[in-house]
Amino acid sequence: TFFKEKLTGLAIMHRLRFAPSPTGLIHIGGLRTLLYNYFFAKQNKGQFILRVEDTDPTRTVPNSVENLVSITKWLGIEFDEGPHLPASGNHGPYYQSERLNIYKEHVSQLLQENHAYHCFCPPKKDIFVPTFMPLKRCNCRSLDPSEARKRSEEVNHVVRLKTP
């Protein structure tokens with residue numbers, strides 16, 4: 001009840017997104033997610049946003065976003081924000097590939113605050129079993145951060161979030 005008392009009178013804006021990959025026509029699972037998020041947003045007087053997960057250009061199919069917007073309009077569903085709306089809000093860009101600088105900024109902050117680390121393990125070493133436990137332990141977390149930073153300028157790597 002304490003939490004409810006603190007929230008009394010506060011307006012909560014629900015912002016739900018649909019984030020498809022532009023790899024062709026929408027499939028039934030994507031349509032289901034689109035409908036759930038749309039109905040939840042509208043039931044709660046929220047906003048429904050289209051954000052396109054275009055981070056794999058090799059799989060991108062031309063006109064996928066336009067086809068999706070056309071299908072949703074046919075269904076009577078309108079997005080409140082998205083790449084197809086010229087003045088749609090101040091939360092863009094709506095293509096993930098255009099947000100890379102934002103992500104780099106946050107990754108840099110995580111590394112500076114020691115909440116993440118550079119991992120230089122080859123992709124084949126990063127194999128997971130169904131329990132999501134790595135088959136082989138990575139020792140990159142224990143590398144000296146300054147050495148890892150230098151090495152990251154020369155070697156392909158990923159940045160991993162430190163978890164307990």
# chains A, B, ... in the order shown; residues from 1 in each chain; ligands from 1
call {"tool": "select_by_dssp", "arguments": {"residues": "range 49-154 of chain A", "states": "strand (DSSP E)", "output": "ChimeraX atom specification"}}
result
/A:49-50,116-119
call {"tool": "write_last_selection", "arguments": {"atoms": "N, CA, C and O atoms", "output": "mmCIF file, in the first residue's frame"}}
result
data_model
loop_
_atom_site.group_PDB
_atom_site.id
_atom_site.type_symbol
_atom_site.label_atom_id
_atom_site.label_comp_id
_atom_site.auth_asym_id
_atom_site.auth_seq_id
_atom_site.Cartn_x
_atom_site.Cartn_y
_atom_site.Cartn_z
ATOM 1 N N ILE A 49 4.993 2.446 -30.976
ATOM 2 C CA ILE A 49 6.147 2.911 -31.738
ATOM 3 C C ILE A 49 6.687 1.802 -32.639
ATOM 4 O O ILE A 49 6.757 0.642 -32.237
ATOM 5 N N LEU A 50 7.090 2.188 -33.846
ATOM 6 C CA LEU A 50 7.778 1.270 -34.745
ATOM 7 C C LEU A 50 9.266 1.580 -34.702
ATOM 8 O O LEU A 50 9.682 2.707 -34.961
ATOM 9 N N ALA A 116 31.191 -3.760 -17.361
ATOM 10 C CA ALA A 116 31.310 -4.560 -18.575
ATOM 11 C C ALA A 116 32.793 -4.805 -18.848
ATOM 12 O O ALA A 116 33.650 -4.182 -18.227
ATOM 13 N N TYR A 117 33.067 -5.715 -19.782
ATOM 14 C CA TYR A 117 34.457 -6.024 -20.120
ATOM 15 C C TYR A 117 34.555 -6.415 -21.592
ATOM 16 O O TYR A 117 33.575 -6.841 -22.205
ATOM 17 N N HIS A 118 35.766 -6.268 -22.147
ATOM 18 C CA HIS A 118 36.045 -6.687 -23.513
ATOM 19 C C HIS A 118 36.274 -8.200 -23.516
ATOM 20 O O HIS A 118 37.009 -8.712 -22.674
ATOM 21 N N CYS A 119 35.649 -8.871 -24.469
ATOM 22 C CA CYS A 119 35.851 -10.320 -24.601
ATOM 23 C C CYS A 119 36.428 -10.593 -25.982
ATOM 24 O O CYS A 119 35.875 -10.172 -26.993
#
call {"tool": "residues_around", "arguments": {"residues": "range 63-76 of chain A", "least_positions_apart": "5", "cutoff": "7 Å", "atoms": "only C-alpha atoms", "output": "count of residues only"}}
result
5
call {"tool": "select_by_dssp", "arguments": {"residues": "range 4-153 of chain A", "states": "alpha helix (DSSP H)", "output": "PDB file with N, CA and C atoms, in the first residue's frame"}}
result
ATOM      1  N   LYS A   4       1.556   2.121  -3.573  1.00  0.00           N
ATOM      2  CA  LYS A   4       0.369   2.675  -4.227  1.00  0.00           C
ATOM      3  C   LYS A   4       0.132   4.111  -3.797  1.00  0.00           C
ATOM      4  N   GLU A   5       0.347   4.407  -2.529  1.00  0.00           N
ATOM      5  CA  GLU A   5       0.153   5.779  -2.044  1.00  0.00           C
ATOM      6  C   GLU A   5       1.122   6.728  -2.713  1.00  0.00           C
ATOM      7  N   LYS A   6       2.345   6.294  -2.929  1.00  0.00           N
ATOM      8  CA  LYS A   6       3.344   7.147  -3.572  1.00  0.00           C
ATOM      9  C   LYS A   6       2.998   7.401  -5.038  1.00  0.00           C
ATOM     10  N   LEU A   7       2.355   6.434  -5.689  1.00  0.00           N
ATOM     11  CA  LEU A   7       2.024   6.583  -7.104  1.00  0.00           C
ATOM     12  C   LEU A   7       0.724   7.337  -7.350  1.00  0.00           C
ATOM     13  N   ILE A  28       3.371 -14.713 -38.598  1.00  0.00           N
ATOM     14  CA  ILE A  28       2.277 -14.784 -37.620  1.00  0.00           C
ATOM     15  C   ILE A  28       2.741 -14.439 -36.205  1.00  0.00           C
ATOM     16  N   GLY A  29       3.944 -14.852 -35.818  1.00  0.00           N
ATOM     17  CA  GLY A  29       4.452 -14.522 -34.486  1.00  0.00           C
ATOM     18  C   GLY A  29       4.698 -13.033 -34.326  1.00  0.00           C
ATOM     19  N   GLY A  30       5.219 -12.402 -35.359  1.00  0.00           N
ATOM     20  CA  GLY A  30       5.432 -10.960 -35.334  1.00  0.00           C
ATOM     21  C   GLY A  30       4.106 -10.217 -35.289  1.00  0.00           C
ATOM     22  N   LEU A  31       3.130 -10.700 -36.036  1.00  0.00           N
ATOM     23  CA  LEU A  31       1.808 -10.077 -36.039  1.00  0.00           C
ATOM     24  C   LEU A  31       1.151 -10.181 -34.669  1.00  0.00           C
ATOM     25  N   ARG A  32       1.321 -11.315 -34.018  1.00  0.00           N
ATOM     26  CA  ARG A  32       0.771 -11.491 -32.673  1.00  0.00           C
ATOM     27  C   ARG A  32       1.385 -10.478 -31.709  1.00  0.00           C
ATOM     28  N   THR A  33       2.726 -10.338 -31.739  1.00  0.00           N
ATOM     29  CA  THR A  33       3.400  -9.368 -30.871  1.00  0.00           C
ATOM     30  C   THR A  33       2.938  -7.954 -31.171  1.00  0.00           C
ATOM     31  N   LEU A  34       2.810  -7.631 -32.447  1.00  0.00           N
ATOM     32  CA  LEU A  34       2.337  -6.317 -32.859  1.00  0.00           C
ATOM     33  C   LEU A  34       0.961  -6.037 -32.252  1.00  0.00           C
ATOM     34  N   LEU A  35       0.053  -7.002 -32.362  1.00  0.00           N
ATOM     35  CA  LEU A  35      -1.307  -6.814 -31.846  1.00  0.00           C
ATOM     36  C   LEU A  35      -1.334  -6.692 -30.325  1.00  0.00           C
ATOM     37  N   TYR A  36      -0.600  -7.546 -29.620  1.00  0.00           N
ATOM     38  CA  TYR A  36      -0.556  -7.462 -28.153  1.00  0.00           C
ATOM     39  C   TYR A  36      -0.064  -6.086 -27.703  1.00  0.00           C
ATOM     40  N   ASN A  37       1.041  -5.646 -28.281  1.00  0.00           N
ATOM     41  CA  ASN A  37       1.602  -4.362 -27.874  1.00  0.00           C
ATOM     42  C   ASN A  37       0.687  -3.201 -28.246  1.00  0.00           C
ATOM     43  N   TYR A  38       0.094  -3.261 -29.421  1.00  0.00           N
ATOM     44  CA  TYR A  38      -0.815  -2.198 -29.852  1.00  0.00           C
ATOM     45  C   TYR A  38      -2.012  -2.097 -28.909  1.00  0.00           C
ATOM     46  N   PHE A  39      -2.657  -3.228 -28.647  1.00  0.00           N
ATOM     47  CA  PHE A  39      -3.854  -3.205 -27.795  1.00  0.00           C
ATOM     48  C   PHE A  39      -3.521  -2.778 -26.362  1.00  0.00           C
ATOM     49  N   PHE A  40      -2.386  -3.228 -25.841  1.00  0.00           N
ATOM     50  CA  PHE A  40      -2.001  -2.813 -24.494  1.00  0.00           C
ATOM     51  C   PHE A  40      -1.747  -1.309 -24.451  1.00  0.00           C
ATOM     52  N   ALA A  41      -1.025  -0.798 -25.442  1.00  0.00           N
ATOM     53  CA  ALA A  41      -0.739   0.641 -25.485  1.00  0.00           C
ATOM     54  C   ALA A  41      -2.028   1.441 -25.552  1.00  0.00           C
ATOM     55  N   LYS A  42      -2.925   1.060 -26.430  1.00  0.00           N
ATOM     56  CA  LYS A  42      -4.154   1.842 -26.612  1.00  0.00           C
ATOM     57  C   LYS A  42      -5.105   1.710 -25.424  1.00  0.00           C
ATOM     58  N   GLN A  43      -5.164   0.516 -24.819  1.00  0.00           N
ATOM     59  CA  GLN A  43      -6.019   0.325 -23.645  1.00  0.00           C
ATOM     60  C   GLN A  43      -5.560   1.210 -22.492  1.00  0.00           C
ATOM     61  N   SER A  64      10.582  -3.757 -46.996  1.00  0.00           N
ATOM     62  CA  SER A  64       9.968  -4.491 -45.883  1.00  0.00           C
ATOM     63  C   SER A  64       9.211  -3.560 -44.940  1.00  0.00           C
ATOM     64  N   VAL A  65       9.811  -2.422 -44.613  1.00  0.00           N
ATOM     65  CA  VAL A  65       9.177  -1.488 -43.684  1.00  0.00           C
ATOM     66  C   VAL A  65       7.909  -0.918 -44.316  1.00  0.00           C
ATOM     67  N   GLU A  66       7.985  -0.553 -45.584  1.00  0.00           N
ATOM     68  CA  GLU A  66       6.814  -0.024 -46.277  1.00  0.00           C
ATOM     69  C   GLU A  66       5.686  -1.058 -46.317  1.00  0.00           C
ATOM     70  N   ASN A  67       6.033  -2.338 -46.563  1.00  0.00           N
ATOM     71  CA  ASN A  67       5.030  -3.405 -46.566  1.00  0.00           C
ATOM     72  C   ASN A  67       4.386  -3.559 -45.195  1.00  0.00           C
ATOM     73  N   LEU A  68       5.200  -3.488 -44.141  1.00  0.00           N
ATOM     74  CA  LEU A  68       4.674  -3.607 -42.783  1.00  0.00           C
ATOM     75  C   LEU A  68       3.701  -2.474 -42.476  1.00  0.00           C
ATOM     76  N   VAL A  69       4.085  -1.258 -42.808  1.00  0.00           N
ATOM     77  CA  VAL A  69       3.217  -0.103 -42.559  1.00  0.00           C
ATOM     78  C   VAL A  69       1.924  -0.251 -43.347  1.00  0.00           C
ATOM     79  N   SER A  70       2.000  -0.720 -44.565  1.00  0.00           N
ATOM     80  CA  SER A  70       0.820  -0.928 -45.394  1.00  0.00           C
ATOM     81  C   SER A  70      -0.119  -1.969 -44.770  1.00  0.00           C
ATOM     82  N   ILE A  71       0.455  -3.061 -44.287  1.00  0.00           N
ATOM     83  CA  ILE A  71      -0.353  -4.120 -43.658  1.00  0.00           C
ATOM     84  C   ILE A  71      -1.019  -3.604 -42.383  1.00  0.00           C
ATOM     85  N   THR A  72      -0.274  -2.875 -41.572  1.00  0.00           N
ATOM     86  CA  THR A  72      -0.862  -2.373 -40.325  1.00  0.00           C
ATOM     87  C   THR A  72      -1.962  -1.348 -40.609  1.00  0.00           C
ATOM     88  N   LYS A  73      -1.781  -0.514 -41.621  1.00  0.00           N
ATOM     89  CA  LYS A  73      -2.847   0.427 -41.992  1.00  0.00           C
ATOM     90  C   LYS A  73      -4.085  -0.324 -42.446  1.00  0.00           C
ATOM     91  N   TRP A  74      -3.886  -1.406 -43.207  1.00  0.00           N
ATOM     92  CA  TRP A  74      -5.012  -2.224 -43.667  1.00  0.00           C
ATOM     93  C   TRP A  74      -5.772  -2.815 -42.474  1.00  0.00           C
ATOM     94  N   LEU A 100      23.632   3.607 -33.396  1.00  0.00           N
ATOM     95  CA  LEU A 100      24.905   3.026 -32.952  1.00  0.00           C
ATOM     96  C   LEU A 100      25.711   3.976 -32.070  1.00  0.00           C
ATOM     97  N   ASN A 101      25.704   5.263 -32.366  1.00  0.00           N
ATOM     98  CA  ASN A 101      26.443   6.208 -31.518  1.00  0.00           C
ATOM     99  C   ASN A 101      25.879   6.262 -30.107  1.00  0.00           C
ATOM    100  N   ILE A 102      24.569   6.145 -29.983  1.00  0.00           N
ATOM    101  CA  ILE A 102      23.936   6.112 -28.661  1.00  0.00           C
ATOM    102  C   ILE A 102      24.430   4.885 -27.897  1.00  0.00           C
ATOM    103  N   TYR A 103      24.457   3.735 -28.570  1.00  0.00           N
ATOM    104  CA  TYR A 103      24.890   2.495 -27.923  1.00  0.00           C
ATOM    105  C   TYR A 103      26.363   2.556 -27.536  1.00  0.00           C
ATOM    106  N   LYS A 104      27.179   3.118 -28.429  1.00  0.00           N
ATOM    107  CA  LYS A 104      28.608   3.223 -28.134  1.00  0.00           C
ATOM    108  C   LYS A 104      28.848   4.073 -26.893  1.00  0.00           C
ATOM    109  N   GLU A 105      28.070   5.119 -26.750  1.00  0.00           N
ATOM    110  CA  GLU A 105      28.179   5.987 -25.574  1.00  0.00           C
ATOM    111  C   GLU A 105      27.882   5.200 -24.291  1.00  0.00           C
ATOM    112  N   HIS A 106      26.823   4.401 -24.327  1.00  0.00           N
ATOM    113  CA  HIS A 106      26.442   3.624 -23.137  1.00  0.00           C
ATOM    114  C   HIS A 106      27.428   2.496 -22.859  1.00  0.00           C
ATOM    115  N   VAL A 107      27.939   1.863 -23.909  1.00  0.00           N
ATOM    116  CA  VAL A 107      28.937   0.814 -23.729  1.00  0.00           C
ATOM    117  C   VAL A 107      30.194   1.409 -23.093  1.00  0.00           C
ATOM    118  N   SER A 108      30.586   2.575 -23.568  1.00  0.00           N
ATOM    119  CA  SER A 108      31.758   3.253 -23.006  1.00  0.00           C
ATOM    120  C   SER A 108      31.553   3.540 -21.516  1.00  0.00           C
ATOM    121  N   GLN A 109      30.363   3.982 -21.164  1.00  0.00           N
ATOM    122  CA  GLN A 109      30.063   4.264 -19.756  1.00  0.00           C
ATOM    123  C   GLN A 109      30.108   2.983 -18.926  1.00  0.00           C
ATOM    124  N   LEU A 110      29.554   1.897 -19.439  1.00  0.00           N
ATOM    125  CA  LEU A 110      29.584   0.622 -18.719  1.00  0.00           C
ATOM    126  C   LEU A 110      31.022   0.153 -18.495  1.00  0.00           C
ATOM    127  N   LEU A 111      31.869   0.313 -19.525  1.00  0.00           N
ATOM    128  CA  LEU A 111      33.271  -0.076 -19.384  1.00  0.00           C
ATOM    129  C   LEU A 111      33.986   0.805 -18.366  1.00  0.00           C
ATOM    130  N   GLN A 112      33.750   2.109 -18.414  1.00  0.00           N
ATOM    131  CA  GLN A 112      34.395   3.033 -17.473  1.00  0.00           C
ATOM    132  C   GLN A 112      33.998   2.746 -16.035  1.00  0.00           C
ATOM    133  N   PRO A 145      41.876  -3.998 -17.373  1.00  0.00           N
ATOM    134  CA  PRO A 145      41.058  -3.131 -18.229  1.00  0.00           C
ATOM    135  C   PRO A 145      41.860  -2.262 -19.200  1.00  0.00           C
ATOM    136  N   SER A 146      42.992  -1.733 -18.774  1.00  0.00           N
ATOM    137  CA  SER A 146      43.772  -0.881 -19.678  1.00  0.00           C
ATOM    138  C   SER A 146      44.395  -1.711 -20.812  1.00  0.00           C
ATOM    139  N   GLU A 147      44.848  -2.928 -20.492  1.00  0.00           N
ATOM    140  CA  GLU A 147      45.376  -3.818 -21.523  1.00  0.00           C
ATOM    141  C   GLU A 147      44.268  -4.238 -22.487  1.00  0.00           C
ATOM    142  N   ALA A 148      43.109  -4.546 -21.940  1.00  0.00           N
ATOM    143  CA  ALA A 148      41.981  -4.955 -22.772  1.00  0.00           C
ATOM    144  C   ALA A 148      41.565  -3.813 -23.701  1.00  0.00           C
ATOM    145  N   ARG A 149      41.594  -2.591 -23.203  1.00  0.00           N
ATOM    146  CA  ARG A 149      41.236  -1.422 -24.015  1.00  0.00           C
ATOM    147  C   ARG A 149      42.191  -1.287 -25.197  1.00  0.00           C
ATOM    148  N   LYS A 150      43.502  -1.443 -24.934  1.00  0.00           N
ATOM    149  CA  LYS A 150      44.504  -1.358 -26.002  1.00  0.00           C
ATOM    150  C   LYS A 150      44.287  -2.471 -27.022  1.00  0.00           C
ATOM    151  N   ARG A 151      44.085  -3.669 -26.510  1.00  0.00           N
ATOM    152  CA  ARG A 151      43.904  -4.831 -27.385  1.00  0.00           C
ATOM    153  C   ARG A 151      42.641  -4.694 -28.229  1.00  0.00           C
ATOM    154  N   SER A 152      41.594  -4.051 -27.672  1.00  0.00           N
ATOM    155  CA  SER A 152      40.316  -3.917 -28.386  1.00  0.00           C
ATOM    156  C   SER A 152      40.443  -3.051 -29.633  1.00  0.00           C
TER     157      SER A 152
END
call {"tool": "closest_residue", "arguments": {"among": "A:Arg17, A:Leu161, A:Arg141, A:Asn114", "to": "His91 in chain A", "atoms": "only C-alpha atoms"}}
result
A:Arg17
call {"tool": "atom_distance", "arguments": {"atom1": "CA of Lys45 in chain A", "atom2": "CA of Asn90 in chain A"}}
result
18.5 Å
call {"tool": "residues_around", "arguments": {"residues": "Gln47 in chain A", "least_positions_apart": "5", "cutoff": "8 Å", "atoms": "only C-alpha atoms", "output": "list in words"}}
result
Met13, His14, Arg15, Leu16, Ala41, Lys42, Phe79, Asp80 and Glu81 of chain A
call {"tool": "atom_distance", "arguments": {"atom1": "CA of Cys140 in chain A", "atom2": "CA of Gln96 in chain A"}}
result
27.8 Å
call {"tool": "residues_around", "arguments": {"residues": "Tyr94 in chain A", "least_positions_apart": "5", "cutoff": "6 Å", "atoms": "only C-alpha atoms", "output": "PDB file with C-alpha atoms, in the first residue's frame"}}
result
ATOM      1  CA  ARG A  51      11.523   0.728 -34.330  1.00  0.00           C
ATOM      2  CA  GLY A  82       8.304   5.549 -36.409  1.00  0.00           C
ATOM      3  CA  PRO A  83      10.635   6.049 -39.355  1.00  0.00           C
TER       4      PRO A  83
END
call {"tool": "closest_residue", "arguments": {"among": "A:Leu85, A:Gly46, A:His115, A:Asn139", "to": "Pro164 in chain A", "atoms": "only C-alpha atoms"}}
result
A:His115
call {"tool": "decode", "arguments": {"residues": "range 79-121 of chain A", "atoms": "N, CA and C atoms", "output": "PDB file, in the first residue's frame"}}
result
ATOM      1  N   PHE A  79       0.792   3.648 -36.107  1.00  0.00           N
ATOM      2  CA  PHE A  79       1.876   3.881 -35.164  1.00  0.00           C
ATOM      3  C   PHE A  79       1.861   5.353 -34.759  1.00  0.00           C
ATOM      4  N   ASP A  80       2.225   5.621 -33.501  1.00  0.00           N
ATOM      5  CA  ASP A  80       2.348   7.008 -33.034  1.00  0.00           C
ATOM      6  C   ASP A  80       3.702   7.599 -33.398  1.00  0.00           C
ATOM      7  N   GLU A  81       4.713   6.731 -33.496  1.00  0.00           N
ATOM      8  CA  GLU A  81       6.065   7.158 -33.856  1.00  0.00           C
ATOM      9  C   GLU A  81       6.681   6.087 -34.732  1.00  0.00           C
ATOM     10  N   GLY A  82       7.599   6.503 -35.572  1.00  0.00           N
ATOM     11  CA  GLY A  82       8.304   5.549 -36.409  1.00  0.00           C
ATOM     12  C   GLY A  82       9.026   6.235 -37.538  1.00  0.00           C
ATOM     13  N   PRO A  83       9.831   5.457 -38.288  1.00  0.00           N
ATOM     14  CA  PRO A  83      10.635   6.049 -39.355  1.00  0.00           C
ATOM     15  C   PRO A  83       9.805   6.576 -40.523  1.00  0.00           C
ATOM     16  N   HIS A  84       8.579   6.102 -40.653  1.00  0.00           N
ATOM     17  CA  HIS A  84       7.729   6.513 -41.763  1.00  0.00           C
ATOM     18  C   HIS A  84       6.919   7.775 -41.454  1.00  0.00           C
ATOM     19  N   LEU A  85       7.013   8.279 -40.240  1.00  0.00           N
ATOM     20  CA  LEU A  85       6.278   9.483 -39.851  1.00  0.00           C
ATOM     21  C   LEU A  85       7.262  10.638 -39.731  1.00  0.00           C
ATOM     22  N   PRO A  86       7.108  11.678 -40.533  1.00  0.00           N
ATOM     23  CA  PRO A  86       8.109  12.757 -40.576  1.00  0.00           C
ATOM     24  C   PRO A  86       8.352  13.455 -39.240  1.00  0.00           C
ATOM     25  N   ALA A  87       7.330  13.816 -38.540  1.00  0.00           N
ATOM     26  CA  ALA A  87       7.503  14.533 -37.264  1.00  0.00           C
ATOM     27  C   ALA A  87       6.904  13.683 -36.154  1.00  0.00           C
ATOM     28  N   SER A  88       7.519  12.537 -35.917  1.00  0.00           N
ATOM     29  CA  SER A  88       6.841  11.577 -35.057  1.00  0.00           C
ATOM     30  C   SER A  88       7.258  11.582 -33.597  1.00  0.00           C
ATOM     31  N   GLY A  89       8.147  12.385 -33.182  1.00  0.00           N
ATOM     32  CA  GLY A  89       8.513  12.388 -31.772  1.00  0.00           C
ATOM     33  C   GLY A  89       9.988  12.656 -31.597  1.00  0.00           C
ATOM     34  N   ASN A  90      10.381  12.765 -30.350  1.00  0.00           N
ATOM     35  CA  ASN A  90      11.778  13.088 -30.082  1.00  0.00           C
ATOM     36  C   ASN A  90      12.546  11.891 -29.520  1.00  0.00           C
ATOM     37  N   HIS A  91      12.115  10.688 -29.879  1.00  0.00           N
ATOM     38  CA  HIS A  91      12.786   9.487 -29.373  1.00  0.00           C
ATOM     39  C   HIS A  91      13.497   8.709 -30.475  1.00  0.00           C
ATOM     40  N   GLY A  92      13.659   9.301 -31.633  1.00  0.00           N
ATOM     41  CA  GLY A  92      14.333   8.655 -32.751  1.00  0.00           C
ATOM     42  C   GLY A  92      15.831   8.664 -32.537  1.00  0.00           C
ATOM     43  N   PRO A  93      16.579   8.140 -33.441  1.00  0.00           N
ATOM     44  CA  PRO A  93      16.123   7.573 -34.703  1.00  0.00           C
ATOM     45  C   PRO A  93      15.433   6.229 -34.489  1.00  0.00           C
ATOM     46  N   TYR A  94      14.632   5.846 -35.479  1.00  0.00           N
ATOM     47  CA  TYR A  94      13.804   4.658 -35.350  1.00  0.00           C
ATOM     48  C   TYR A  94      14.366   3.442 -36.078  1.00  0.00           C
ATOM     49  N   TYR A  95      15.511   3.613 -36.736  1.00  0.00           N
ATOM     50  CA  TYR A  95      16.250   2.477 -37.293  1.00  0.00           C
ATOM     51  C   TYR A  95      17.400   2.196 -36.330  1.00  0.00           C
ATOM     52  N   GLN A  96      17.527   0.942 -35.893  1.00  0.00           N
ATOM     53  CA  GLN A  96      18.572   0.589 -34.934  1.00  0.00           C
ATOM     54  C   GLN A  96      19.962   0.954 -35.456  1.00  0.00           C
ATOM     55  N   SER A  97      20.201   0.784 -36.754  1.00  0.00           N
ATOM     56  CA  SER A  97      21.526   1.070 -37.311  1.00  0.00           C
ATOM     57  C   SER A  97      21.887   2.542 -37.169  1.00  0.00           C
ATOM     58  N   GLU A  98      20.897   3.411 -37.027  1.00  0.00           N
ATOM     59  CA  GLU A  98      21.157   4.840 -36.856  1.00  0.00           C
ATOM     60  C   GLU A  98      21.359   5.210 -35.385  1.00  0.00           C
ATOM     61  N   ARG A  99      21.238   4.240 -34.498  1.00  0.00           N
ATOM     62  CA  ARG A  99      21.373   4.484 -33.065  1.00  0.00           C
ATOM     63  C   ARG A  99      22.729   4.021 -32.516  1.00  0.00           C
ATOM     64  N   LEU A 100      23.632   3.607 -33.396  1.00  0.00           N
ATOM     65  CA  LEU A 100      24.905   3.026 -32.952  1.00  0.00           C
ATOM     66  C   LEU A 100      25.711   3.976 -32.070  1.00  0.00           C
ATOM     67  N   ASN A 101      25.704   5.263 -32.366  1.00  0.00           N
ATOM     68  CA  ASN A 101      26.443   6.208 -31.518  1.00  0.00           C
ATOM     69  C   ASN A 101      25.879   6.262 -30.107  1.00  0.00           C
ATOM     70  N   ILE A 102      24.569   6.145 -29.983  1.00  0.00           N
ATOM     71  CA  ILE A 102      23.936   6.112 -28.661  1.00  0.00           C
ATOM     72  C   ILE A 102      24.430   4.885 -27.897  1.00  0.00           C
ATOM     73  N   TYR A 103      24.457   3.735 -28.570  1.00  0.00           N
ATOM     74  CA  TYR A 103      24.890   2.495 -27.923  1.00  0.00           C
ATOM     75  C   TYR A 103      26.363   2.556 -27.536  1.00  0.00           C
ATOM     76  N   LYS A 104      27.179   3.118 -28.429  1.00  0.00           N
ATOM     77  CA  LYS A 104      28.608   3.223 -28.134  1.00  0.00           C
ATOM     78  C   LYS A 104      28.848   4.073 -26.893  1.00  0.00           C
ATOM     79  N   GLU A 105      28.070   5.119 -26.750  1.00  0.00           N
ATOM     80  CA  GLU A 105      28.179   5.987 -25.574  1.00  0.00           C
ATOM     81  C   GLU A 105      27.882   5.200 -24.291  1.00  0.00           C
ATOM     82  N   HIS A 106      26.823   4.401 -24.327  1.00  0.00           N
ATOM     83  CA  HIS A 106      26.442   3.624 -23.137  1.00  0.00           C
ATOM     84  C   HIS A 106      27.428   2.496 -22.859  1.00  0.00           C
ATOM     85  N   VAL A 107      27.939   1.863 -23.909  1.00  0.00           N
ATOM     86  CA  VAL A 107      28.937   0.814 -23.729  1.00  0.00           C
ATOM     87  C   VAL A 107      30.194   1.409 -23.093  1.00  0.00           C
ATOM     88  N   SER A 108      30.586   2.575 -23.568  1.00  0.00           N
ATOM     89  CA  SER A 108      31.758   3.253 -23.006  1.00  0.00           C
ATOM     90  C   SER A 108      31.553   3.540 -21.516  1.00  0.00           C
ATOM     91  N   GLN A 109      30.363   3.982 -21.164  1.00  0.00           N
ATOM     92  CA  GLN A 109      30.063   4.264 -19.756  1.00  0.00           C
ATOM     93  C   GLN A 109      30.108   2.983 -18.926  1.00  0.00           C
ATOM     94  N   LEU A 110      29.554   1.897 -19.439  1.00  0.00           N
ATOM     95  CA  LEU A 110      29.584   0.622 -18.719  1.00  0.00           C
ATOM     96  C   LEU A 110      31.022   0.153 -18.495  1.00  0.00           C
ATOM     97  N   LEU A 111      31.869   0.313 -19.525  1.00  0.00           N
ATOM     98  CA  LEU A 111      33.271  -0.076 -19.384  1.00  0.00           C
ATOM     99  C   LEU A 111      33.986   0.805 -18.366  1.00  0.00           C
ATOM    100  N   GLN A 112      33.750   2.109 -18.414  1.00  0.00           N
ATOM    101  CA  GLN A 112      34.395   3.033 -17.473  1.00  0.00           C
ATOM    102  C   GLN A 112      33.998   2.746 -16.035  1.00  0.00           C
ATOM    103  N   GLU A 113      32.743   2.365 -15.832  1.00  0.00           N
ATOM    104  CA  GLU A 113      32.252   2.103 -14.483  1.00  0.00           C
ATOM    105  C   GLU A 113      32.482   0.655 -14.054  1.00  0.00           C
ATOM    106  N   ASN A 114      33.219  -0.106 -14.867  1.00  0.00           N
ATOM    107  CA  ASN A 114      33.583  -1.488 -14.560  1.00  0.00           C
ATOM    108  C   ASN A 114      32.361  -2.414 -14.458  1.00  0.00           C
ATOM    109  N   HIS A 115      31.330  -2.133 -15.257  1.00  0.00           N
ATOM    110  CA  HIS A 115      30.146  -2.988 -15.301  1.00  0.00           C
ATOM    111  C   HIS A 115      30.152  -3.891 -16.535  1.00  0.00           C
ATOM    112  N   ALA A 116      31.191  -3.760 -17.361  1.00  0.00           N
ATOM    113  CA  ALA A 116      31.310  -4.560 -18.575  1.00  0.00           C
ATOM    114  C   ALA A 116      32.793  -4.805 -18.848  1.00  0.00           C
ATOM    115  N   TYR A 117      33.067  -5.715 -19.782  1.00  0.00           N
ATOM    116  CA  TYR A 117      34.457  -6.024 -20.120  1.00  0.00           C
ATOM    117  C   TYR A 117      34.555  -6.415 -21.592  1.00  0.00           C
ATOM    118  N   HIS A 118      35.766  -6.268 -22.147  1.00  0.00           N
ATOM    119  CA  HIS A 118      36.045  -6.687 -23.513  1.00  0.00           C
ATOM    120  C   HIS A 118      36.274  -8.200 -23.516  1.00  0.00           C
ATOM    121  N   CYS A 119      35.649  -8.871 -24.469  1.00  0.00           N
ATOM    122  CA  CYS A 119      35.851 -10.320 -24.601  1.00  0.00           C
ATOM    123  C   CYS A 119      36.428 -10.593 -25.982  1.00  0.00           C
ATOM    124  N   PHE A 120      37.546 -11.309 -26.003  1.00  0.00           N
ATOM    125  CA  PHE A 120      38.264 -11.582 -27.245  1.00  0.00           C
ATOM    126  C   PHE A 120      38.116 -13.040 -27.686  1.00  0.00           C
ATOM    127  N   CYS A 121      37.275 -13.794 -27.031  1.00  0.00           N
ATOM    128  CA  CYS A 121      37.088 -15.202 -27.372  1.00  0.00           C
ATOM    129  C   CYS A 121      36.491 -15.323 -28.772  1.00  0.00           C
TER     130      CYS A 121
END
